[in-house]
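Note: the block below is protein.pdb and it holds PDB, C-alpha atoms.
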ATOM      1  CA  MET A   4     -18.721 -27.655  -4.190
ATOM      2  CA  LYS A   5     -16.983 -30.757  -5.518
ATOM      3  CA  ILE A   6     -13.521 -31.092  -7.047
ATOM      4  CA  GLY A   7     -13.633 -34.433  -8.747
ATOM      5  CA  ASN A   8     -15.251 -36.677  -6.157
ATOM      6  CA  LEU A   9     -13.986 -34.553  -3.271
ATOM      7  CA  GLU A  10     -16.641 -32.438  -1.596
ATOM      8  CA  LEU A  11     -15.648 -29.142   0.014
ATOM      9  CA  GLU A  12     -17.629 -27.731   2.923
ATOM     10  CA  SER A  13     -16.783 -24.167   1.916
ATOM     11  CA  PRO A  14     -15.799 -22.475  -1.380
ATOM     12  CA  PHE A  15     -13.086 -20.479   0.400
ATOM     13  CA  ALA A  16      -9.479 -21.695   0.550
ATOM     14  CA  ILE A  17      -6.031 -20.695   1.801
ATOM     15  CA  ALA A  18      -3.834 -19.763  -1.156
ATOM     16  CA  PRO A  19      -0.237 -21.003  -1.152
ATOM     17  CA  MET A  20       2.325 -18.395  -0.130
ATOM     18  CA  ALA A  21       5.963 -19.477  -0.026
ATOM     19  CA  GLY A  22       7.487 -19.214   3.430
ATOM     20  CA  MET A  23       4.193 -18.165   5.002
ATOM     21  CA  THR A  24       1.370 -20.703   4.759
ATOM     22  CA  ASP A  25       3.131 -23.559   6.528
ATOM     23  CA  THR A  26       1.310 -26.470   8.140
ATOM     24  CA  ALA A  27       1.163 -24.773  11.564
ATOM     25  CA  PHE A  28      -0.417 -21.624  10.161
ATOM     26  CA  ARG A  29      -2.892 -23.602   8.058
ATOM     27  CA  ARG A  30      -3.962 -25.668  11.072
ATOM     28  CA  LEU A  31      -4.779 -22.581  13.081
ATOM     29  CA  VAL A  32      -6.789 -21.001  10.261
ATOM     30  CA  LYS A  33      -8.690 -24.231   9.752
ATOM     31  CA  ARG A  34      -9.645 -24.339  13.448
ATOM     32  CA  HIS A  35     -11.488 -21.051  13.122
ATOM     33  CA  GLY A  36     -13.812 -22.368  10.400
ATOM     34  CA  GLY A  37     -14.857 -21.269   6.933
ATOM     35  CA  CYS A  38     -11.897 -22.914   5.185
ATOM     36  CA  GLY A  39     -12.900 -25.538   2.644
ATOM     37  CA  LEU A  40      -9.409 -26.329   1.354
ATOM     38  CA  VAL A  41      -5.768 -25.668   2.227
ATOM     39  CA  VAL A  42      -3.023 -25.574  -0.382
ATOM     40  CA  SER A  43       0.586 -26.253   0.556
ATOM     41  CA  GLU A  44       3.540 -24.044  -0.150
ATOM     42  CA  MET A  45       4.981 -24.614  -3.624
ATOM     43  CA  VAL A  46       6.942 -27.894  -3.834
ATOM     44  CA  SER A  47       9.558 -28.857  -6.424
ATOM     45  CA  SER A  48       8.681 -31.935  -8.477
ATOM     46  CA  GLU A  49      12.391 -32.701  -8.872
ATOM     47  CA  GLY A  50      12.921 -32.379  -5.123
ATOM     48  CA  LEU A  51      10.062 -34.759  -4.393
ATOM     49  CA  ILE A  52      11.449 -37.415  -6.703
ATOM     50  CA  ARG A  53      14.934 -37.084  -5.222
ATOM     51  CA  GLY A  54      13.565 -37.243  -1.693
ATOM     52  CA  ILE A  55      15.227 -33.984  -0.632
ATOM     53  CA  ASP A  56      14.390 -33.291   3.016
ATOM     54  CA  ARG A  57      13.729 -29.592   2.511
ATOM     55  CA  THR A  58      11.228 -30.333  -0.259
ATOM     56  CA  LEU A  59       9.464 -32.988   1.789
ATOM     57  CA  GLU A  60       9.070 -30.528   4.674
ATOM     58  CA  PHE A  61       7.254 -28.085   2.398
ATOM     59  CA  ALA A  62       4.799 -30.894   1.628
ATOM     60  CA  ASP A  63       4.133 -31.728   5.298
ATOM     61  CA  PHE A  64       0.524 -31.599   6.425
ATOM     62  CA  SER A  65      -1.610 -32.865   9.279
ATOM     63  CA  GLU A  66      -4.917 -34.731   9.319
ATOM     64  CA  GLU A  67      -6.490 -31.651  10.883
ATOM     65  CA  GLU A  68      -5.969 -29.711   7.652
ATOM     66  CA  ARG A  69      -7.973 -31.965   5.347
ATOM     67  CA  PRO A  70      -8.902 -31.656   2.606
ATOM     68  CA  VAL A  71      -5.331 -30.835   1.561
ATOM     69  CA  SER A  72      -3.909 -29.918  -1.822
ATOM     70  CA  ILE A  73      -0.159 -30.227  -2.401
ATOM     71  CA  GLN A  74       1.042 -27.764  -5.019
ATOM     72  CA  ILE A  75       3.978 -28.831  -7.170
ATOM     73  CA  PHE A  76       5.945 -27.080  -9.893
ATOM     74  CA  GLY A  77       7.941 -28.331 -12.852
ATOM     75  CA  GLY A  78       7.832 -28.500 -16.623
ATOM     76  CA  ASP A  79       8.564 -32.095 -17.609
ATOM     77  CA  PRO A  80       5.413 -34.221 -18.056
ATOM     78  CA  ALA A  81       7.048 -37.476 -16.922
ATOM     79  CA  THR A  82       8.650 -35.871 -13.871
ATOM     80  CA  MET A  83       5.424 -34.141 -12.918
ATOM     81  CA  ALA A  84       3.534 -37.424 -13.271
ATOM     82  CA  ASP A  85       6.043 -39.181 -11.005
ATOM     83  CA  ALA A  86       5.809 -36.349  -8.485
ATOM     84  CA  ALA A  87       2.013 -36.577  -8.569
ATOM     85  CA  ARG A  88       2.263 -40.269  -7.676
ATOM     86  CA  ILE A  89       4.433 -39.356  -4.682
ATOM     87  CA  VAL A  90       1.902 -36.719  -3.584
ATOM     88  CA  GLU A  91      -0.871 -39.282  -3.869
ATOM     89  CA  GLY A  92       1.228 -41.733  -1.872
ATOM     90  CA  MET A  93       1.661 -39.130   0.863
ATOM     91  CA  GLY A  94      -2.104 -39.143   1.286
ATOM     92  CA  ALA A  95      -2.917 -35.729  -0.173
ATOM     93  CA  ASP A  96      -6.460 -35.178  -1.385
ATOM     94  CA  ILE A  97      -5.479 -33.077  -4.427
ATOM     95  CA  VAL A  98      -2.324 -32.397  -6.415
ATOM     96  CA  ASP A  99      -2.148 -28.837  -7.740
ATOM     97  CA  VAL A 100       0.082 -27.580 -10.558
ATOM     98  CA  ASN A 101       1.688 -24.171 -10.268
ATOM     99  CA  MET A 102       1.369 -22.257 -13.535
ATOM    100  CA  GLY A 103       1.239 -18.890 -11.835
ATOM    101  CA  CYS A 104       4.550 -18.223 -10.098
ATOM    102  CA  PRO A 105       6.239 -15.214 -11.786
ATOM    103  CA  VAL A 106       9.563 -15.553  -9.925
ATOM    104  CA  PRO A 107      12.393 -15.755 -12.515
ATOM    105  CA  LYS A 108      14.230 -18.639 -10.801
ATOM    106  CA  ILE A 109      11.070 -20.750 -11.256
ATOM    107  CA  ALA A 110      10.010 -19.450 -14.664
ATOM    108  CA  LYS A 111      13.435 -19.972 -16.255
ATOM    109  CA  HIS A 112      13.104 -23.722 -15.679
ATOM    110  CA  ASN A 113       9.990 -23.900 -17.862
ATOM    111  CA  ALA A 114       7.839 -24.007 -14.738
ATOM    112  CA  GLY A 115       5.447 -21.676 -12.965
ATOM    113  CA  CYS A 116       3.918 -19.017 -15.167
ATOM    114  CA  SER A 117       6.304 -19.712 -18.047
ATOM    115  CA  LEU A 118       4.188 -22.788 -18.806
ATOM    116  CA  MET A 119       1.461 -20.403 -19.929
ATOM    117  CA  ARG A 120       3.689 -19.391 -22.835
ATOM    118  CA  GLU A 121       3.503 -22.967 -24.131
ATOM    119  CA  PRO A 122      -0.157 -23.960 -23.691
ATOM    120  CA  GLU A 123       0.100 -27.240 -25.594
ATOM    121  CA  HIS A 124       3.014 -28.310 -23.428
ATOM    122  CA  ALA A 125       1.162 -27.200 -20.289
ATOM    123  CA  ALA A 126      -1.827 -29.325 -21.303
ATOM    124  CA  ALA A 127       0.505 -32.287 -21.905
ATOM    125  CA  VAL A 128       1.784 -31.955 -18.336
ATOM    126  CA  ILE A 129      -1.766 -32.119 -16.992
ATOM    127  CA  LYS A 130      -2.676 -35.074 -19.194
ATOM    128  CA  ALA A 131       0.368 -37.029 -17.988
ATOM    129  CA  MET A 132      -0.513 -36.322 -14.381
ATOM    130  CA  THR A 133      -4.208 -37.198 -14.640
ATOM    131  CA  ARG A 134      -3.259 -40.519 -16.190
ATOM    132  CA  ALA A 135      -0.803 -41.205 -13.369
ATOM    133  CA  VAL A 136      -3.019 -40.630 -10.310
ATOM    134  CA  SER A 137      -6.575 -41.155  -9.149
ATOM    135  CA  ILE A 138      -6.779 -38.015  -6.968
ATOM    136  CA  PRO A 139      -7.934 -34.762  -8.613
ATOM    137  CA  VAL A 140      -5.350 -32.717 -10.501
ATOM    138  CA  THR A 141      -5.922 -28.950 -10.384
ATOM    139  CA  VAL A 142      -4.165 -25.963 -11.920
ATOM    140  CA  LYS A 143      -3.351 -22.491 -10.591
ATOM    141  CA  MET A 144      -2.508 -19.952 -13.283
ATOM    142  CA  ARG A 145      -2.397 -16.212 -13.889
ATOM    143  CA  ALA A 146      -4.275 -14.056 -16.365
ATOM    144  CA  GLY A 147      -1.339 -14.538 -18.725
ATOM    145  CA  TRP A 148       2.320 -13.783 -19.244
ATOM    146  CA  ASN A 149       1.816 -10.066 -19.946
ATOM    147  CA  GLU A 150      -0.850  -7.671 -21.228
ATOM    148  CA  THR A 151      -0.432  -8.882 -24.822
ATOM    149  CA  GLN A 152      -0.471 -12.565 -23.820
ATOM    150  CA  LYS A 153      -3.504 -12.893 -21.550
ATOM    151  CA  ASN A 154      -4.326 -16.433 -22.602
ATOM    152  CA  ALA A 155      -5.825 -17.790 -19.371
ATOM    153  CA  PRO A 156      -9.293 -18.410 -20.913
ATOM    154  CA  ALA A 157      -7.867 -20.557 -23.706
ATOM    155  CA  LEU A 158      -5.397 -22.379 -21.467
ATOM    156  CA  ALA A 159      -8.040 -23.054 -18.816
ATOM    157  CA  LYS A 160     -10.176 -24.773 -21.431
ATOM    158  CA  MET A 161      -7.197 -26.809 -22.616
ATOM    159  CA  VAL A 162      -6.298 -28.082 -19.148
ATOM    160  CA  GLU A 163      -9.953 -28.923 -18.504
ATOM    161  CA  GLU A 164      -9.939 -31.053 -21.656
ATOM    162  CA  ALA A 165      -6.663 -32.620 -20.465
ATOM    163  CA  GLY A 166      -8.391 -33.804 -17.296
ATOM    164  CA  ALA A 167      -7.971 -31.019 -14.722
ATOM    165  CA  ALA A 168     -10.668 -31.163 -12.038
ATOM    166  CA  ALA A 169     -10.562 -27.449 -11.147
ATOM    167  CA  VAL A 170      -8.738 -24.260 -12.095
ATOM    168  CA  ALA A 171      -7.669 -21.258 -10.002
ATOM    169  CA  VAL A 172      -6.864 -17.975 -11.714
ATOM    170  CA  HIS A 173      -4.964 -15.051 -10.216
ATOM    171  CA  GLY A 174      -6.145 -11.933 -12.011
ATOM    172  CA  ARG A 175      -2.682 -10.478 -12.646
ATOM    173  CA  THR A 176      -0.167 -11.288 -15.366
ATOM    174  CA  ALA A 177       3.332 -12.553 -14.647
ATOM    175  CA  ALA A 178       4.693  -9.181 -15.762
ATOM    176  CA  GLN A 179       2.577  -7.462 -13.098
ATOM    177  CA  SER A 180       3.850  -9.783 -10.394
ATOM    178  CA  TYR A 181       1.967  -8.401  -7.347
ATOM    179  CA  THR A 182       1.610  -4.795  -8.529
ATOM    180  CA  GLY A 183      -1.479  -3.115  -9.889
ATOM    181  CA  ALA A 184      -4.960  -4.582  -9.483
ATOM    182  CA  ALA A 185      -6.190  -8.109 -10.120
ATOM    183  CA  ASP A 186      -8.564  -8.426 -13.081
ATOM    184  CA  TRP A 187     -11.550 -10.430 -11.854
ATOM    185  CA  THR A 188     -13.438 -10.005 -15.121
ATOM    186  CA  ILE A 189     -11.131 -12.547 -16.742
ATOM    187  CA  VAL A 190     -11.762 -14.949 -13.845
ATOM    188  CA  ALA A 191     -15.537 -14.575 -14.283
ATOM    189  CA  ASP A 192     -15.164 -15.121 -18.044
ATOM    190  CA  ILE A 193     -13.297 -18.374 -17.440
ATOM    191  CA  ALA A 194     -15.880 -19.529 -14.903
ATOM    192  CA  ASP A 195     -18.555 -18.963 -17.544
ATOM    193  CA  ARG A 196     -16.655 -21.038 -20.108
ATOM    194  CA  LEU A 197     -15.706 -24.085 -18.003
ATOM    195  CA  SER A 198     -17.778 -26.900 -16.546
ATOM    196  CA  ILE A 199     -15.257 -27.582 -13.744
ATOM    197  CA  PRO A 200     -14.984 -25.349 -10.647
ATOM    198  CA  VAL A 201     -13.110 -22.084 -11.128
ATOM    199  CA  PHE A 202     -11.469 -20.309  -8.199
ATOM    200  CA  GLY A 203     -10.200 -16.758  -8.311
ATOM    201  CA  SER A 204      -7.535 -14.966  -6.303
ATOM    202  CA  GLY A 205      -6.129 -11.499  -5.878
ATOM    203  CA  ASP A 206      -6.865  -8.438  -3.732
ATOM    204  CA  CYS A 207      -9.338 -10.070  -1.334
ATOM    205  CA  VAL A 208      -8.429  -8.583   2.035
ATOM    206  CA  GLU A 209     -11.949  -8.041   3.420
ATOM    207  CA  PRO A 210     -14.690 -10.674   3.919
ATOM    208  CA  GLU A 211     -17.110  -8.671   1.764
ATOM    209  CA  GLN A 212     -14.658  -8.769  -1.136
ATOM    210  CA  ILE A 213     -14.545 -12.562  -0.932
ATOM    211  CA  THR A 214     -18.296 -13.128  -0.925
ATOM    212  CA  GLY A 215     -18.730 -10.536  -3.647
ATOM    213  CA  LYS A 216     -16.767 -12.735  -6.057
ATOM    214  CA  LEU A 217     -19.312 -15.543  -5.707
ATOM    215  CA  GLU A 218     -21.974 -13.120  -6.894
ATOM    216  CA  GLN A 219     -19.998 -12.777 -10.146
ATOM    217  CA  GLY A 220     -20.484 -16.464 -10.885
ATOM    218  CA  ILE A 221     -17.052 -17.557  -9.631
ATOM    219  CA  ASP A 222     -17.170 -20.891  -7.800
ATOM    220  CA  GLY A 223     -14.586 -20.275  -5.083
ATOM    221  CA  VAL A 224     -11.940 -17.892  -3.790
ATOM    222  CA  LEU A 225      -8.315 -18.502  -2.818
ATOM    223  CA  VAL A 226      -7.136 -15.987  -0.241
ATOM    224  CA  GLY A 227      -3.459 -15.297   0.458
ATOM    225  CA  ARG A 228      -2.497 -11.927   1.935
ATOM    226  CA  GLY A 229      -5.983 -11.486   3.374
ATOM    227  CA  VAL A 230      -5.552 -14.598   5.526
ATOM    228  CA  LEU A 231      -2.125 -13.456   6.706
ATOM    229  CA  ARG A 232      -3.627 -10.154   7.816
ATOM    230  CA  ASN A 233      -6.759 -11.724   9.271
ATOM    231  CA  PRO A 234      -6.791 -15.518   9.852
ATOM    232  CA  TRP A 235     -10.539 -15.279  10.573
ATOM    233  CA  ILE A 236     -11.361 -13.834   7.153
ATOM    234  CA  LEU A 237     -12.565 -17.142   5.684
ATOM    235  CA  ALA A 238     -14.816 -17.777   8.682
ATOM    236  CA  GLN A 239     -16.185 -14.246   8.407
ATOM    237  CA  ALA A 240     -16.828 -14.707   4.686
ATOM    238  CA  ALA A 241     -18.620 -17.968   5.423
ATOM    239  CA  ASP A 242     -20.806 -16.115   7.935
ATOM    240  CA  LEU A 243     -21.722 -13.516   5.334
ATOM    241  CA  ALA A 244     -22.392 -16.141   2.649
ATOM    242  CA  ALA A 245     -24.724 -17.992   5.025
ATOM    243  CA  GLY A 246     -26.549 -14.819   6.059
ATOM    244  CA  ARG A 247     -25.208 -14.981   9.618
ATOM    245  CA  PRO A 248     -23.863 -12.013  11.583
ATOM    246  CA  MET A 249     -20.134 -11.776  10.893
ATOM    247  CA  ARG A 250     -18.105 -12.750  13.920
ATOM    248  CA  HIS A 251     -16.067 -10.090  15.674
ATOM    249  CA  VAL A 252     -12.443 -10.820  16.511
ATOM    250  CA  THR A 253     -11.006  -9.216  19.626
ATOM    251  CA  MET A 254      -7.450  -8.041  20.083
ATOM    252  CA  GLU A 255      -6.997 -10.729  22.727
ATOM    253  CA  GLU A 256      -8.011 -13.378  20.188
ATOM    254  CA  ARG A 257      -5.520 -11.972  17.705
ATOM    255  CA  GLY A 258      -2.814 -12.186  20.318
ATOM    256  CA  ARG A 259      -3.770 -15.752  21.239
ATOM    257  CA  PHE A 260      -3.482 -16.772  17.571
ATOM    258  CA  LEU A 261       0.152 -15.647  17.476
ATOM    259  CA  LEU A 262       0.947 -17.343  20.776
ATOM    260  CA  ASP A 263      -0.624 -20.575  19.530
ATOM    261  CA  TYR A 264       1.404 -20.233  16.329
ATOM    262  CA  VAL A 265       4.597 -19.918  18.382
ATOM    263  CA  ASP A 266       3.690 -23.070  20.330
ATOM    264  CA  LEU A 267       2.991 -25.073  17.171
ATOM    265  CA  LEU A 268       6.202 -23.905  15.500
ATOM    266  CA  LEU A 269       8.252 -24.925  18.521
ATOM    267  CA  HIS A 270       7.106 -28.490  17.921
ATOM    268  CA  GLU A 271       7.739 -28.453  14.168
ATOM    269  CA  ARG A 272      10.610 -30.390  12.675
ATOM    270  CA  VAL A 273      13.314 -28.083  11.289
ATOM    271  CA  ARG A 274      15.724 -29.335   8.668
ATOM    272  CA  ASP A 275      19.344 -29.629   9.811
ATOM    273  CA  ASP A 276      20.800 -27.092   7.380
ATOM    274  CA  GLU A 277      18.320 -24.431   8.546
ATOM    275  CA  ARG A 278      18.962 -25.237  12.201
ATOM    276  CA  ASN A 279      22.727 -24.975  11.711
ATOM    277  CA  ARG A 280      22.440 -21.699   9.829
ATOM    278  CA  LEU A 281      20.281 -20.108  12.503
ATOM    279  CA  LYS A 282      22.077 -21.861  15.398
ATOM    280  CA  SER A 283      18.784 -22.561  17.174
ATOM    281  CA  HIS A 284      15.202 -23.615  16.647
ATOM    282  CA  ASP A 285      14.097 -20.593  18.687
ATOM    283  CA  ARG A 286      15.609 -18.179  16.188
ATOM    284  CA  TRP A 287      13.750 -19.958  13.362
ATOM    285  CA  VAL A 288      10.487 -19.435  15.247
ATOM    286  CA  VAL A 289      11.278 -15.753  15.859
ATOM    287  CA  ASN A 290      12.014 -15.288  12.149
ATOM    288  CA  LYS A 291       8.695 -16.900  11.228
ATOM    289  CA  LEU A 292       6.847 -14.479  13.506
ATOM    290  CA  ARG A 293       8.721 -11.544  12.019
ATOM    291  CA  ALA A 294       7.599 -12.566   8.541
ATOM    292  CA  LEU A 295       3.973 -13.019   9.575
ATOM    293  CA  GLY A 296       4.021  -9.818  11.620
ATOM    294  CA  ALA A 297       4.659  -7.748   8.480
ATOM    295  CA  TYR A 298       1.144  -8.692   7.330
ATOM    296  CA  TYR A 299      -0.600  -9.378  10.633
ATOM    297  CA  THR A 300       0.027  -5.937  12.143
ATOM    298  CA  LYS A 301      -0.822  -3.924   9.037
ATOM    299  CA  GLY A 302      -3.377  -1.219   9.691
ATOM    300  CA  PHE A 303      -3.158  -1.397  13.478
ATOM    301  CA  GLU A 304      -2.318   1.628  15.568
ATOM    302  CA  HIS A 305       1.301   1.253  16.693
ATOM    303  CA  GLY A 306       1.674  -1.701  14.294
ATOM    304  CA  ALA A 307       4.889  -0.252  12.874
ATOM    305  CA  GLN A 308       6.318  -0.009  16.380
ATOM    306  CA  LEU A 309       5.403  -3.626  17.023
ATOM    307  CA  ARG A 310       7.157  -4.702  13.823
ATOM    308  CA  THR A 311      10.263  -2.843  14.932
ATOM    309  CA  CYS A 312      10.190  -4.681  18.248
ATOM    310  CA  LEU A 313       9.701  -8.031  16.510
ATOM    311  CA  ASN A 314      12.785  -7.347  14.416
ATOM    312  CA  THR A 315      14.922  -6.838  17.514
ATOM    313  CA  THR A 316      13.481  -9.612  19.670
ATOM    314  CA  THR A 317      15.861 -12.566  20.037
ATOM    315  CA  SER A 318      14.207 -15.005  22.445
ATOM    316  CA  ILE A 319      10.936 -16.891  22.685
ATOM    317  CA  ALA A 320      10.285 -15.417  26.132
ATOM    318  CA  GLU A 321      10.645 -11.868  24.764
ATOM    319  CA  LEU A 322       8.492 -12.771  21.783
ATOM    320  CA  ARG A 323       5.669 -14.081  23.961
ATOM    321  CA  SER A 324       5.878 -11.067  26.264
ATOM    322  CA  LEU A 325       5.777  -8.666  23.329
ATOM    323  CA  ILE A 326       2.761 -10.362  21.751
ATOM    324  CA  SER A 327       0.838 -10.630  25.018
ATOM    325  CA  GLY A 328       1.537  -7.030  25.913
ATOM    326  CA  PHE A 329       0.687  -5.494  22.554
ATOM    327  CA  PHE A 330      -2.643  -7.228  22.094
ATOM    328  CA  VAL A 331      -3.783  -6.462  25.635
ATOM    329  CA  GLU A 332      -2.151  -3.215  26.723
ATOM    330  CA  ALA A 333      -0.472  -1.555  23.723
ATOM    331  CA  PRO A 334       1.318   0.784  23.376
ATOM    332  CA  SER A 335       2.805   0.718  26.897
ATOM    333  CA  ALA A 336       4.087  -2.849  26.391
ATOM    334  CA  LEU A 337       6.026  -1.730  23.318
ATOM    335  CA  GLN A 338       7.732   0.993  25.291
ATOM    336  CA  ASN A 339       8.744  -1.562  27.898
ATOM    337  CA  VAL A 340      10.244  -3.956  25.333
ATOM    338  CA  SER A 341      11.902  -1.486  22.955
TER     339      SER A 341
END

Could you take the file, read its structure, and then write that structure out as structure tokens?
Amino acid sequence: MKIGNLELESPFAIAPMAGMTDTAFRRLVKRHGGCGLVVSEMVSSEGLIRGIDRTLEFADFSEEERPVSIQIFGGDPATMADAARIVEGMGADIVDVNMGCPVPKIAKHNAGCSLMREPEHAAAVIKAMTRAVSIPVTVKMRAGWNETQKNAPALAKMVEEAGAAAVAVHGRTAAQSYTGAADWTIVADIADRLSIPVFGSGDCVEPEQITGKLEQGIDGVLVGRGVLRNPWILAQAADLAAGRPMRHVTMEERGRFLLDYVDLLLHERVRDDERNRLKSHDRWVVNKLRALGAYYTKGFEHGAQLRTCLNTTTSIAELRSLISGFFVEAPSALQNVS
């Protein structure tokens, strides 16, 4: 698959999830294969232009992650164009526009999914950006604002005409947020209408669900929660798509992933205000593992007990011991820690 002149080795990508899909996590997923593209956490266009440290940290990426898409949000065409230039200057391969975030604090600033309520304005944002940069500009949107305003097919065509190189569609409306089921029929309809690549997202938590979307004529799949639960899911989907036996992931491998994540996080730069609030870098790392653990342990026997232990662990040494014990000798390790 190609997005503009950029060729992807796989049609499967890591979807952006605020606070979760940081550069350390993306690196580890990429190492396991099957990932054709990583997309950063959502970044404020205003913050980029002002050079705010916190915003710049959200846009951090490593060479190991390439190809990399930096997702930005905002509603002013000139500001978004300036932010796109900054993203290009940072060396990103793609700049992505968030038109799918349903969170009120984003939507009320004429950004995120609220842009879908003004399709002409949304297209103007894309046109300004494509004129400002040479890297591909892509768009992530939802099915629509609500059930009576499911305008993704029309808007997708408009942003394609404005110069977008690819579109990703989450099959829920903003009103649904993350409830109910994603409507993949609207994604397939858009893929049939457009000449640029169309990605879909929503409810893909098993490798077979991912590959099944390609059979519907959809070009690629963005996976969010599924990757948090199983960082090997993209590699497994790639195995299935290629007709290879799907790789098996052992509990020891799952434990090693978390330990590697801890090690990478310990070497990450943490902004001063976050460090001061938490009093230590170690506590920041523990909090990151708690957040990931809510997804990562879902469906495992004694997973709830592990999450309880994660929420009471206060040191890196305890964290490592808990992870090592659970993924090798659970549940006895949990009883020793709790």

Name the residues within 12 Å of (7.3, -18.7, -11.0), counting all atoms listed in the file in the file's coordinates, and put them as a PyMOL selection string.
chain A and resi 20-21+45-47+75-78+100-119+143-145+148+176-178+180

Same residues, C-alpha atoms, output as a compact mmCIF listing (two decimals), in the frame of the given file:
# COMPACT_ATOMS: atom_id res chain seq x y z
CA MET A 20 2.33 -18.40 -0.13
CA ALA A 21 5.96 -19.48 -0.03
CA MET A 45 4.98 -24.61 -3.62
CA VAL A 46 6.94 -27.89 -3.83
CA SER A 47 9.56 -28.86 -6.42
CA ILE A 75 3.98 -28.83 -7.17
CA PHE A 76 5.94 -27.08 -9.89
CA GLY A 77 7.94 -28.33 -12.85
CA GLY A 78 7.83 -28.50 -16.62
CA VAL A 100 0.08 -27.58 -10.56
CA ASN A 101 1.69 -24.17 -10.27
CA MET A 102 1.37 -22.26 -13.54
CA GLY A 103 1.24 -18.89 -11.84
CA CYS A 104 4.55 -18.22 -10.10
CA PRO A 105 6.24 -15.21 -11.79
CA VAL A 106 9.56 -15.55 -9.93
CA PRO A 107 12.39 -15.76 -12.52
CA LYS A 108 14.23 -18.64 -10.80
CA ILE A 109 11.07 -20.75 -11.26
CA ALA A 110 10.01 -19.45 -14.66
CA LYS A 111 13.44 -19.97 -16.26
CA HIS A 112 13.10 -23.72 -15.68
CA ASN A 113 9.99 -23.90 -17.86
CA ALA A 114 7.84 -24.01 -14.74
CA GLY A 115 5.45 -21.68 -12.96
CA CYS A 116 3.92 -19.02 -15.17
CA SER A 117 6.30 -19.71 -18.05
CA LEU A 118 4.19 -22.79 -18.81
CA MET A 119 1.46 -20.40 -19.93
CA LYS A 143 -3.35 -22.49 -10.59
CA MET A 144 -2.51 -19.95 -13.28
CA ARG A 145 -2.40 -16.21 -13.89
CA TRP A 148 2.32 -13.78 -19.24
CA THR A 176 -0.17 -11.29 -15.37
CA ALA A 177 3.33 -12.55 -14.65
CA ALA A 178 4.69 -9.18 -15.76
CA SER A 180 3.85 -9.78 -10.39

Compile the contact shell of A:Asp96 as a PyMOL selection string: residues with an atom at most 8 Å away, counting all atoms listed in the file, same-chain residues fewer than 5 positions apart removed.
chain A and resi 9+69-72+91+138-139

If the PyMOL selection byres ((chain A and resi 184) around 8) is run on the structure shown, which residues does it catch, given as a VMD selection string?
chain A and resid 174 to 175 182 to 183 185 to 186 205 to 206

Can you translate the PyMOL selection byres ((chain A and resi 170-172) around 7) into the concrete residues it hits in this file, as a list in words?
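The output of the PyMOL selection byres ((chain A and resi 170-172) around 7) on this file is Thr141, Val142, Lys143, Met144, Arg145, Ala146, Ala159, Ala169, His173, Gly174, Val190, Pro200, Val201, Phe202, Gly203 and Ser204 of chain A.
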
Interatomic distance, atom CA of A:Tyr264 to atom CA of A:Leu31 (Å, one decimal)
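That distance, rounded to one decimal, is 7.4 Å.
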
Let me have the centre and edge lengths of the axis-aligned box enclosing all listed atoms of stretch 210-220 of chain A with 3 Å padding on every side, in Å to one decimal, as AutoDock Vina command-line options.
--center_x -18.3 --center_y -12.6 --center_z -3.5 --size_x 13.4 --size_y 13.8 --size_z 20.8

To verify the selection step, state as a PyMOL selection string which residues the PyMOL selection byres ((chain A and resi 52) around 8) yields on this input.
chain A and resi 48-51+53-55+82+85-86+89

Contacts of A:Pro234 at 9 Å or less, counting all atoms listed in the file, minus same-chain residues fewer than 6 places along, as a ChimeraX atom specification?
/A:28,31-33,35,257,260,299

Minimum-distance residue to A:Leu261, chosen among A:Gly296, A:Pro19, A:Gly227, A:Pro248 (using only C-alpha atoms):
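So, comparing all the options, the nearest one is A:Gly296.
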
Atom CA of A:Asp242 and atom CA of A:Pro14, how far apart in Å?
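Separation of atom CA of A:Pro14 and atom CA of A:Asp242: 12.3 Å.
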
Of the candidates A:Asp222, A:Glu271, A:Asp25, A:Glu123, which one gets nearest to A:Ile73 if we count only C-alpha atoms?
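Nearest candidate to A:Ile73 out of A:Asp222, A:Glu271, A:Asp25, A:Glu123: A:Asp25.
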
With only C-alpha atoms as the atoms that count, which of A:Leu262, A:Leu217, A:Leu59, A:Ala241 lies nearest to A:Cys38?
A:Ala241

Could you check the closest approach to A:Tyr181 for each of A:Val41, A:Arg228, A:Phe330, A:Ser137 and tell me which residue wins, using only C-alpha atoms?
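Of all the options, A:Arg228 lies closest to A:Tyr181.
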
Gap from atom CA of A:Gly223 to atom CA of A:Ala18 - Å, one decimal
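Distance between the two atoms: 11.5 Å.
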
Calculated over only C-alpha atoms, which of the candidates A:Glu209, A:Met254, A:Phe303, A:Thr315 has the smallest distance to A:Val331?
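For A:Val331, the nearest of the candidates is A:Met254.
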
Complete stretch 42-46 of chain A with N, CA and C atoms (output as a tab-separated table (two decimals), in the frame of the given file).
chain	number	residue	atom	x	y	z
A	42	VAL	N	-3.99	-25.25	0.67
A	42	VAL	CA	-3.02	-25.57	-0.38
A	42	VAL	C	-1.63	-25.35	0.18
A	43	SER	N	-0.76	-26.32	0.00
A	43	SER	CA	0.59	-26.25	0.56
A	43	SER	C	1.42	-25.17	-0.11
A	44	GLU	N	2.54	-24.86	0.51
A	44	GLU	CA	3.54	-24.04	-0.15
A	44	GLU	C	4.01	-24.79	-1.40
A	45	MET	N	4.54	-24.04	-2.36
A	45	MET	CA	4.98	-24.61	-3.62
A	45	MET	C	6.11	-25.62	-3.40
A	46	VAL	N	6.00	-26.80	-4.03
A	46	VAL	CA	6.94	-27.89	-3.83
A	46	VAL	C	7.56	-28.29	-5.18
